[in-house]
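Undergrad: Just one file: entry.cif, with mmCIF, C-alpha atoms.
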```cif
data_run
loop_
_atom_site.label_atom_id
_atom_site.label_comp_id
_atom_site.auth_asym_id
_atom_site.auth_seq_id
_atom_site.Cartn_x
_atom_site.Cartn_y
_atom_site.Cartn_z
CA MET A 27 0.00 0.00 0.00
CA LYS A 28 1.26 3.46 -0.89
CA ILE A 29 0.80 6.26 1.64
CA TYR A 30 1.10 9.71 0.08
CA LEU A 31 1.74 12.88 2.09
CA ASN A 32 0.62 16.31 0.88
CA GLY A 33 3.73 18.53 0.83
CA ARG A 34 2.19 21.79 -0.32
CA PHE A 35 2.94 23.30 3.11
CA LEU A 36 6.64 23.35 2.12
CA THR A 37 5.83 26.30 -0.17
CA GLN A 38 4.46 28.38 2.73
CA ARG A 39 5.83 30.40 5.63
CA VAL A 40 5.92 28.37 8.84
CA THR A 41 3.09 29.18 11.25
CA GLY A 42 1.27 26.80 13.60
CA VAL A 43 -0.43 24.79 10.85
CA GLN A 44 2.76 24.31 8.85
CA ARG A 45 4.66 23.47 12.05
CA TYR A 46 2.22 20.60 12.62
CA ALA A 47 2.91 19.25 9.12
CA PHE A 48 6.69 19.59 9.43
CA GLU A 49 6.87 17.79 12.75
CA MET A 50 4.29 15.09 12.00
CA ILE A 51 6.12 14.11 8.83
CA LYS A 52 9.47 14.02 10.63
CA ALA A 53 7.92 11.83 13.32
CA LEU A 54 6.34 9.59 10.66
CA ASP A 55 9.73 9.27 9.00
CA GLN A 56 11.17 7.86 12.22
CA ILE A 57 8.25 5.45 12.57
CA CYS A 58 8.64 4.33 8.95
CA SER A 59 12.19 3.19 9.65
CA THR A 60 10.92 0.42 11.96
CA ALA A 61 10.35 -3.16 10.80
CA ALA A 62 6.60 -2.86 11.35
CA ALA A 63 6.32 -0.18 8.70
CA ASN A 64 8.47 -1.82 6.01
CA ASN A 65 5.51 -3.24 4.07
CA GLU A 66 4.23 0.25 3.27
CA LYS A 67 5.69 2.80 0.88
CA TYR A 68 5.58 6.43 1.99
CA ILE A 69 5.88 9.24 -0.55
CA LEU A 70 5.93 12.99 0.11
CA LEU A 71 4.55 14.81 -2.94
CA LEU A 72 5.74 18.38 -3.55
CA PRO A 73 4.83 21.11 -6.06
CA SER A 74 7.64 22.63 -8.13
CA ASN A 75 7.84 25.88 -6.14
CA THR A 76 8.92 24.28 -2.85
CA GLU A 77 10.83 26.70 -0.59
CA HIS A 78 11.66 24.43 2.37
CA HIS A 79 13.26 21.02 2.50
CA LEU A 80 13.02 18.11 4.91
CA CYS A 81 15.86 15.68 5.56
CA LEU A 82 14.02 12.36 5.53
CA GLN A 83 15.49 8.87 5.84
CA SER A 84 12.58 6.57 5.01
CA ILE A 85 9.99 8.67 3.21
CA GLU A 86 10.52 9.12 -0.52
CA VAL A 87 10.26 12.72 -1.76
CA LYS A 88 8.83 13.47 -5.22
CA GLN A 89 8.37 16.83 -6.90
CA VAL A 90 5.43 16.50 -9.27
CA GLY A 91 3.30 18.63 -11.57
CA ARG A 92 3.61 22.13 -12.98
CA LEU A 93 0.88 24.01 -11.14
CA HIS A 94 1.13 25.87 -7.82
CA GLY A 95 -1.01 26.52 -4.76
CA HIS A 96 -4.63 25.40 -4.67
CA LEU A 97 -4.56 24.41 -8.37
CA TRP A 98 -1.72 21.96 -7.72
CA GLU A 99 -3.51 20.60 -4.66
CA GLN A 100 -6.89 20.19 -6.35
CA ILE A 101 -5.84 19.03 -9.83
CA GLU A 102 -2.37 17.48 -9.84
CA LEU A 103 -2.09 16.10 -6.29
CA PRO A 104 -5.08 13.71 -6.63
CA PHE A 105 -3.72 12.51 -9.98
CA TYR A 106 -0.28 11.68 -8.62
CA SER A 107 -1.73 10.04 -5.48
CA ARG A 108 -4.44 8.08 -7.31
CA ASP A 109 -2.97 4.65 -6.50
CA GLY A 110 -2.71 5.15 -2.75
CA PHE A 111 -4.02 6.77 0.43
CA LEU A 112 -3.36 10.50 0.89
CA ILE A 113 -2.70 12.25 4.21
CA ASN A 114 -3.22 16.04 4.28
CA PHE A 115 -1.97 18.01 7.29
CA CYS A 116 -2.93 21.67 6.75
CA ASN A 117 -6.73 22.10 6.55
CA CYS A 118 -6.87 21.67 2.75
CA ALA A 119 -7.33 18.53 0.65
CA PRO A 120 -8.36 17.72 -2.95
CA ILE A 121 -12.15 17.60 -3.00
CA LEU A 122 -12.38 14.90 -5.71
CA LYS A 123 -10.34 12.25 -3.87
CA LYS A 124 -12.10 9.85 -1.49
CA ASN A 125 -9.19 7.69 -0.33
CA GLN A 126 -7.65 10.25 2.02
CA THR A 127 -7.80 12.03 5.35
CA VAL A 128 -7.20 15.64 6.39
CA THR A 129 -6.30 17.45 9.59
CA ILE A 130 -8.60 20.45 10.06
CA HIS A 131 -7.03 22.54 12.81
CA ASP A 132 -10.07 24.66 13.61
CA ALA A 133 -13.29 26.09 12.21
CA ALA A 134 -12.22 29.73 12.50
CA VAL A 135 -13.20 30.58 8.93
CA LEU A 136 -16.78 29.63 9.85
CA ALA A 137 -16.87 30.64 13.50
CA CYS A 138 -15.04 33.98 13.07
CA PRO A 139 -15.47 34.89 9.38
CA GLY A 140 -14.64 38.58 9.89
CA GLY A 141 -10.91 37.83 9.92
CA PHE A 142 -10.90 36.41 6.39
CA SER A 143 -11.53 37.74 2.89
CA PHE A 144 -14.74 36.91 1.01
CA LEU A 145 -13.00 34.64 -1.52
CA PHE A 146 -11.11 32.84 1.23
CA ARG A 147 -14.34 32.21 3.14
CA LEU A 148 -16.16 31.08 0.01
CA TRP A 149 -13.48 28.61 -1.02
CA TYR A 150 -13.17 27.06 2.43
CA ARG A 151 -16.93 26.73 2.77
CA VAL A 152 -17.08 24.87 -0.55
CA MET A 153 -14.04 22.70 0.21
CA PHE A 154 -15.13 21.82 3.76
CA SER A 155 -18.64 20.98 2.55
CA CYS A 156 -17.29 18.62 -0.11
CA LEU A 157 -14.80 16.96 2.21
CA SER A 158 -17.28 16.49 5.04
CA SER A 159 -19.66 14.65 2.72
CA ARG A 160 -16.99 12.45 1.07
CA LEU A 161 -14.52 11.48 3.79
CA ARG A 162 -15.01 9.24 6.82
CA MET A 163 -11.86 10.08 8.74
CA PHE A 164 -10.72 13.49 9.96
CA PHE A 165 -8.08 14.64 12.38
CA THR A 166 -7.92 17.76 14.51
CA VAL A 167 -5.78 19.12 17.34
CA SER A 168 -8.07 19.50 20.37
CA GLU A 169 -11.41 18.52 21.86
CA PHE A 170 -12.52 22.11 21.27
CA SER A 171 -11.83 21.88 17.54
CA LYS A 172 -13.51 18.48 17.39
CA ARG A 173 -16.70 20.01 18.78
CA GLU A 174 -16.40 22.96 16.40
CA MET A 175 -16.03 20.67 13.38
CA HIS A 176 -19.07 18.70 14.47
CA SER A 177 -21.08 21.88 15.01
CA TYR A 178 -20.15 23.80 11.86
CA LEU A 179 -19.39 20.99 9.40
CA ARG A 180 -21.82 18.35 10.69
CA ILE A 181 -19.05 15.75 10.75
CA PRO A 182 -19.97 12.86 13.07
CA LEU A 183 -17.91 12.92 16.27
CA ASP A 184 -16.93 9.29 15.72
CA ASP A 185 -15.19 10.30 12.47
CA ILE A 186 -12.96 12.92 14.12
CA TYR A 187 -9.75 11.96 15.91
CA ILE A 188 -7.47 14.17 17.99
CA THR A 189 -3.73 14.37 17.35
CA TYR A 190 -2.34 17.07 19.61
CA ASN A 191 0.59 19.23 18.62
CA GLY A 192 3.94 18.33 20.16
CA LEU A 193 6.94 20.19 21.53
CA GLU A 194 9.97 18.09 20.55
CA HIS A 195 10.87 20.64 17.87
CA ILE A 196 11.97 23.12 20.53
CA LYS A 197 15.71 23.47 20.90
CA LYS A 198 16.32 24.40 24.52
CA ASP A 199 19.89 25.57 23.86
CA ILE A 200 19.47 29.32 23.51
CA ASP A 201 21.35 31.13 20.74
CA ASP A 202 22.69 34.20 22.58
CA ASN A 203 23.77 35.74 19.28
CA ALA A 204 20.18 35.58 18.04
CA PHE A 205 18.99 37.46 21.12
CA GLN A 206 21.73 40.05 20.83
CA ARG A 207 20.70 40.74 17.23
CA LEU A 208 17.24 41.73 18.50
CA LYS A 209 18.80 44.39 20.77
CA LEU A 210 16.56 43.68 23.76
CA GLU A 211 17.29 43.63 27.47
CA SER A 212 16.72 40.32 29.24
CA ASN A 213 13.70 40.07 31.57
CA ASN A 214 12.72 43.63 30.66
CA TYR A 215 9.87 43.06 28.21
CA ILE A 216 6.50 41.35 27.89
CA LEU A 217 6.21 39.11 24.85
CA ALA A 218 3.37 38.23 22.47
CA VAL A 219 3.53 36.03 19.36
CA GLY A 220 1.08 35.51 16.50
CA SER A 221 -0.17 36.57 13.08
CA VAL A 222 -2.01 39.76 12.08
CA ASN A 223 -5.36 37.95 12.02
CA PRO A 224 -7.90 39.91 14.13
CA ASN A 225 -8.60 36.71 16.08
CA LYS A 226 -5.14 37.07 17.65
CA ASN A 227 -6.52 40.14 19.44
CA PHE A 228 -3.33 42.24 19.31
CA ALA A 229 -5.52 45.33 19.75
CA LEU A 230 -5.87 44.32 23.40
CA ILE A 231 -2.10 44.24 23.87
CA LEU A 232 -1.80 47.74 22.40
CA GLN A 233 -4.46 48.93 24.84
CA ILE A 234 -2.63 47.30 27.74
CA ALA A 235 0.59 49.00 26.67
CA GLU A 236 -1.11 52.40 26.71
CA TYR A 237 -2.17 51.85 30.33
CA MET A 238 1.25 50.48 31.34
CA PRO A 239 3.79 52.91 29.80
CA GLU A 240 6.39 51.87 32.38
CA LEU A 241 6.66 48.41 30.74
CA HIS A 242 8.11 47.32 27.39
CA PHE A 243 6.06 45.11 25.07
CA VAL A 244 7.42 43.04 22.16
CA ILE A 245 5.21 41.50 19.46
CA ALA A 246 6.81 38.89 17.18
CA GLY A 247 5.21 37.66 13.98
CA GLY A 248 2.51 40.33 13.98
CA GLY A 249 3.70 42.32 10.99
CA ASN A 250 5.16 45.81 10.89
CA LYS A 251 3.73 49.12 12.00
CA ALA A 252 2.10 49.74 8.61
CA VAL A 253 0.04 46.55 9.00
CA PHE A 254 -1.35 47.72 12.32
CA GLN A 255 -2.06 51.17 10.90
CA GLN A 256 -4.05 49.55 8.09
CA GLN A 257 -6.22 48.01 10.81
CA LYS A 258 -6.55 51.49 12.37
CA LEU A 259 -4.60 50.47 15.46
CA ASN A 260 -2.36 52.92 17.28
CA VAL A 261 1.01 51.47 18.30
CA PRO A 262 2.28 53.08 21.56
CA ASP A 263 5.95 54.01 21.89
CA ASN A 264 6.56 51.23 24.43
CA VAL A 265 5.59 48.52 21.89
CA ARG A 266 8.18 47.05 19.55
CA LEU A 267 6.99 45.12 16.49
CA LEU A 268 9.52 42.55 15.30
CA GLY A 269 7.55 41.00 12.46
CA TYR A 270 8.69 37.55 11.32
CA VAL A 271 11.49 36.01 13.42
CA THR A 272 13.51 32.81 13.02
CA ASP A 273 13.05 29.85 15.34
CA GLU A 274 16.34 30.68 17.03
CA GLU A 275 15.22 34.26 17.66
CA LEU A 276 11.78 33.13 18.83
CA PHE A 277 13.17 30.67 21.35
CA ALA A 278 15.56 33.33 22.65
CA LEU A 279 12.64 35.76 23.00
CA TYR A 280 10.74 33.23 25.13
CA ALA A 281 13.74 32.54 27.33
CA HIS A 282 14.45 36.19 28.11
CA ALA A 283 10.86 37.51 28.45
CA ALA A 284 9.40 38.57 31.80
CA CYS A 285 6.10 36.97 30.82
CA PHE A 286 4.12 35.91 27.76
CA LEU A 287 0.65 37.14 26.70
CA PHE A 288 -1.72 35.20 24.45
CA PRO A 289 -5.05 37.10 24.26
CA SER A 290 -6.38 35.15 21.26
CA LEU A 291 -10.13 35.09 20.68
CA TYR A 292 -10.13 31.78 18.81
CA GLU A 293 -7.55 28.96 18.83
CA GLY A 294 -7.77 25.38 17.70
CA PHE A 295 -4.73 24.55 19.82
CA GLY A 296 -2.25 27.36 20.48
CA ILE A 297 1.41 26.27 20.45
CA PRO A 298 3.03 29.57 21.58
CA PRO A 299 1.94 29.42 25.25
CA LEU A 300 3.39 25.90 25.56
CA GLU A 301 6.60 27.00 23.82
CA ALA A 302 6.90 29.85 26.31
CA MET A 303 6.37 27.47 29.25
CA THR A 304 9.13 25.24 27.90
CA PHE A 305 11.59 28.10 28.28
CA GLY A 306 10.48 28.96 31.80
CA CYS A 307 8.42 31.96 30.76
CA PRO A 308 5.19 32.44 32.78
CA VAL A 309 2.06 32.66 30.67
CA ILE A 310 -1.22 34.62 30.67
CA VAL A 311 -3.84 33.44 28.15
CA SER A 312 -7.46 33.98 27.19
CA LYS A 313 -10.03 31.89 29.02
CA CYS A 314 -11.75 30.84 25.81
CA ALA A 315 -11.63 28.39 22.89
CA SER A 316 -9.08 25.56 23.30
CA LEU A 317 -6.70 27.38 25.64
CA PRO A 318 -8.02 26.13 29.03
CA GLU A 319 -7.98 22.59 27.59
CA ILE A 320 -4.38 22.89 26.37
CA CYS A 321 -2.72 25.01 29.07
CA LYS A 322 -4.69 23.50 31.97
CA ASP A 323 -3.60 24.94 35.35
CA ALA A 324 -0.17 26.13 34.17
CA ALA A 325 -1.34 29.60 33.09
CA LEU A 326 -3.24 32.60 34.37
CA TYR A 327 -6.54 33.16 32.53
CA CYS A 328 -8.21 36.44 31.58
CA ASP A 329 -11.26 37.62 29.66
CA PRO A 330 -9.97 38.50 26.15
CA TYR A 331 -12.22 41.57 26.13
CA SER A 332 -11.20 42.97 29.54
CA THR A 333 -8.12 45.18 29.49
CA GLU A 334 -8.38 45.59 33.24
CA GLU A 335 -8.15 41.83 33.89
CA TRP A 336 -4.97 41.56 31.84
CA ILE A 337 -3.36 44.56 33.54
CA ASN A 338 -4.12 43.09 36.97
CA ALA A 339 -2.78 39.68 35.92
CA ILE A 340 0.45 41.19 34.60
CA ARG A 341 0.99 43.15 37.81
CA LEU A 342 0.29 40.05 39.88
CA LEU A 343 2.66 37.93 37.83
CA LEU A 344 5.49 40.47 37.89
CA LYS A 345 5.18 41.16 41.61
CA GLU A 346 8.27 39.88 43.37
CA ASP A 347 8.26 37.17 46.02
CA ASN A 348 4.61 36.11 45.72
CA GLY A 349 5.52 32.65 44.40
CA ILE A 350 3.02 32.69 41.51
CA GLN A 351 5.63 32.40 38.76
CA GLU A 352 7.27 29.45 40.48
CA GLU A 353 3.91 27.73 40.99
CA LEU A 354 2.91 28.14 37.34
CA LEU A 355 6.23 26.91 35.99
CA LYS A 356 6.15 23.88 38.28
CA LYS A 357 2.73 22.95 36.88
CA ALA A 358 3.99 23.66 33.36
CA ASP A 359 6.44 20.75 33.56
CA ASP A 360 3.53 18.32 33.79
CA VAL A 361 1.50 20.05 31.09
CA ILE A 362 4.18 20.21 28.40
CA SER A 363 5.10 16.54 28.95
CA ARG A 364 1.67 15.57 27.56
CA TYR A 365 2.33 16.86 24.04
CA ARG A 366 4.58 14.78 21.79
CA TRP A 367 4.77 14.65 18.00
CA ASP A 368 5.84 11.01 18.15
CA ALA A 369 2.69 9.98 20.04
CA SER A 370 0.41 11.92 17.68
CA ALA A 371 2.10 10.50 14.57
CA ARG A 372 1.78 6.93 15.86
CA LYS A 373 -1.88 7.50 16.69
CA MET A 374 -2.57 8.90 13.22
CA LEU A 375 -0.78 6.07 11.45
CA GLY A 376 -2.54 3.42 13.51
CA LEU A 377 -5.96 4.90 12.77
CA VAL A 378 -5.18 5.24 9.06
CA PHE A 379 -4.14 1.58 8.86
CA SER A 380 -7.30 0.53 10.69
CA ARG A 381 -9.41 2.21 8.00
CA ILE A 382 -7.53 1.12 4.87
CA GLN A 383 -6.89 -2.54 5.75
#
```
Do you think you could lay out the structure here as structure tokens?
TA:
Amino acid sequence: MKIYLNGRFLTQRVTGVQRYAFEMIKALDQICSTAAANNEKYILLLPSNTEHHLCLQSIEVKQVGRLHGHLWEQIELPFYSRDGFLINFCNCAPILKKNQTVTIHDAAVLACPGGFSFLFRLWYRVMFSCLSSRLRMFFTVSEFSKREMHSYLRIPLDDIYITYNGLEHIKKDIDDNAFQRLKLESNNYILAVGSVNPNKNFALILQIAEYMPELHFVIAGGGNKAVFQQQKLNVPDNVRLLGYVTDEELFALYAHAACFLFPSLYEGFGIPPLEAMTFGCPVIVSKCASLPEICKDAALYCDPYSTEEWINAIRLLLKEDNGIQEELLKKADDVISRYRWDASARKMLGLVFSRIQ
């Protein structure tokens, strides 16, 4: 049996969804090297405009077709995977292929449509509708997203399986040179990470910064000042926007931050708070969506619409000698140990085999 893997994500910038694909495929590659997996052939299919590369030992890599983007995924990918089972990792899958599965990370495009363009919403509505009626196996990354998929897409709960994100990709050895390049002072800033999507709720952080001019705030991955101005958001002088950062820079930012804020309005999983915990950075997150499920009791929780709650939580967390940081980080050790790419990849592969045999 041939198992094909959709490699379109290798043409895209790495965010949470692409991270899932990268790490799941690397974990699958390790599993494929075992004797139990030798009877199957695994093939990663890539479009011609691939920007990233994976060093794989057991999975064959093939660059196929001439098209790019959605056209490659919808037209050429099903053709080149026609003689096997296809695994898609990043929300999208060819609507005409039945012998496949897809990981849908969340239902944000349906639950919070205001953060997406009309054409984007239209395409995903059509694609999700087709996939939900044709496929009998879906994956997602949390119980919250499983319920959302059932609610918005009418997919039976028994057809949805959870494969949590993992944390093995984090390199705990901090690159001091990377931090020095950012020209920041250690333990002297409050960090936030995310995209410019309105669901990330960066407007709240800007409001907090206005009320706390004595503190420094750093936002990584949120675009430059012009992007915020396009959204009619005022950026206070005590906020620094870094835009896209490398993994090495991101990990250094976590390690040197006084605390980490994640005020997201909608998350299917939310890797950044767990990454921050891994580097000993105390975390404050929204008490909504998947975040209480994922972060459990290792974070402080606030209403994503209440600036006052977040200000009070920050002051409480930064207050010296109250023991809250130490308590949260002690609980974080147990929480982050639950999330492993290897376990999720083995679960996915086992479920796929149970359906195709």
Undergrad: Quick check on the file I pasted: which residues fall under the PyMOL selection byres ((chain A and resi 280) around 10)? Write them as an MDAnalysis selection string.
TA: chainID A and resid 200 213 216:219 275:279 281:286 298:299 301:308
Undergrad: Using all atoms listed in the file, which residues sit within 10 Å of Asp323 of chain A once same-chain residues fewer than 6 positions away are excluded, as a PyMOL selection string?
TA: chain A and resi 353-354+357-358+360-361
Undergrad: Please, what distance in Å, to one decimal, runs between atom CA of Arg160 of chain A and atom CA of Val378 of chain A?
TA: 16.0 Å
Undergrad: What is the atom CA of Ala133 of chain A-atom CA of Ala339 of chain A distance in Å, reported with one decimal?
TA: 29.3 Å
Undergrad: Do you know which residues are at most 8 Å from Asp185 of chain A counting only C-alpha atoms, after dropping those on the same chain fewer than 3 positions away, and could you put them as a PyMOL selection string?
TA: chain A and resi 162-164+181-182
Undergrad: For the structure provided, state which residues fall under the PyMOL selection byres ((chain A and resi 75-88) around 7), and present them as a list in words.
TA: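 For this structure, the PyMOL selection byres ((chain A and resi 75-88) around 7) resolves to Leu36, Thr37, Asp55, Cys58, Ser59, Tyr68, Ile69, Leu70, Leu71, Leu72, Pro73, Ser74, Gln89, Val90 and His94 of chain A.
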Undergrad: With C-alpha atoms retained, could you export that selection as a PDB file, keeping the file's coordinate frame?
TA:
```pdb
ATOM      1  CA  LEU A  36       6.640  23.350   2.120  1.00  0.00           C
ATOM      2  CA  THR A  37       5.830  26.300  -0.170  1.00  0.00           C
ATOM      3  CA  ASP A  55       9.730   9.270   9.000  1.00  0.00           C
ATOM      4  CA  CYS A  58       8.640   4.330   8.950  1.00  0.00           C
ATOM      5  CA  SER A  59      12.190   3.190   9.650  1.00  0.00           C
ATOM      6  CA  TYR A  68       5.580   6.430   1.990  1.00  0.00           C
ATOM      7  CA  ILE A  69       5.880   9.240  -0.550  1.00  0.00           C
ATOM      8  CA  LEU A  70       5.930  12.990   0.110  1.00  0.00           C
ATOM      9  CA  LEU A  71       4.550  14.810  -2.940  1.00  0.00           C
ATOM     10  CA  LEU A  72       5.740  18.380  -3.550  1.00  0.00           C
ATOM     11  CA  PRO A  73       4.830  21.110  -6.060  1.00  0.00           C
ATOM     12  CA  SER A  74       7.640  22.630  -8.130  1.00  0.00           C
ATOM     13  CA  GLN A  89       8.370  16.830  -6.900  1.00  0.00           C
ATOM     14  CA  VAL A  90       5.430  16.500  -9.270  1.00  0.00           C
ATOM     15  CA  HIS A  94       1.130  25.870  -7.820  1.00  0.00           C
TER      16      HIS A  94
END
```
Undergrad: Apply the PyMOL selection byres ((chain A and resi 322) around 12) to the file shown and report the selected residues as a ChimeraX atom specification.
TA: /A:299-300,309-314,316-321,323-327,354,357-362,364
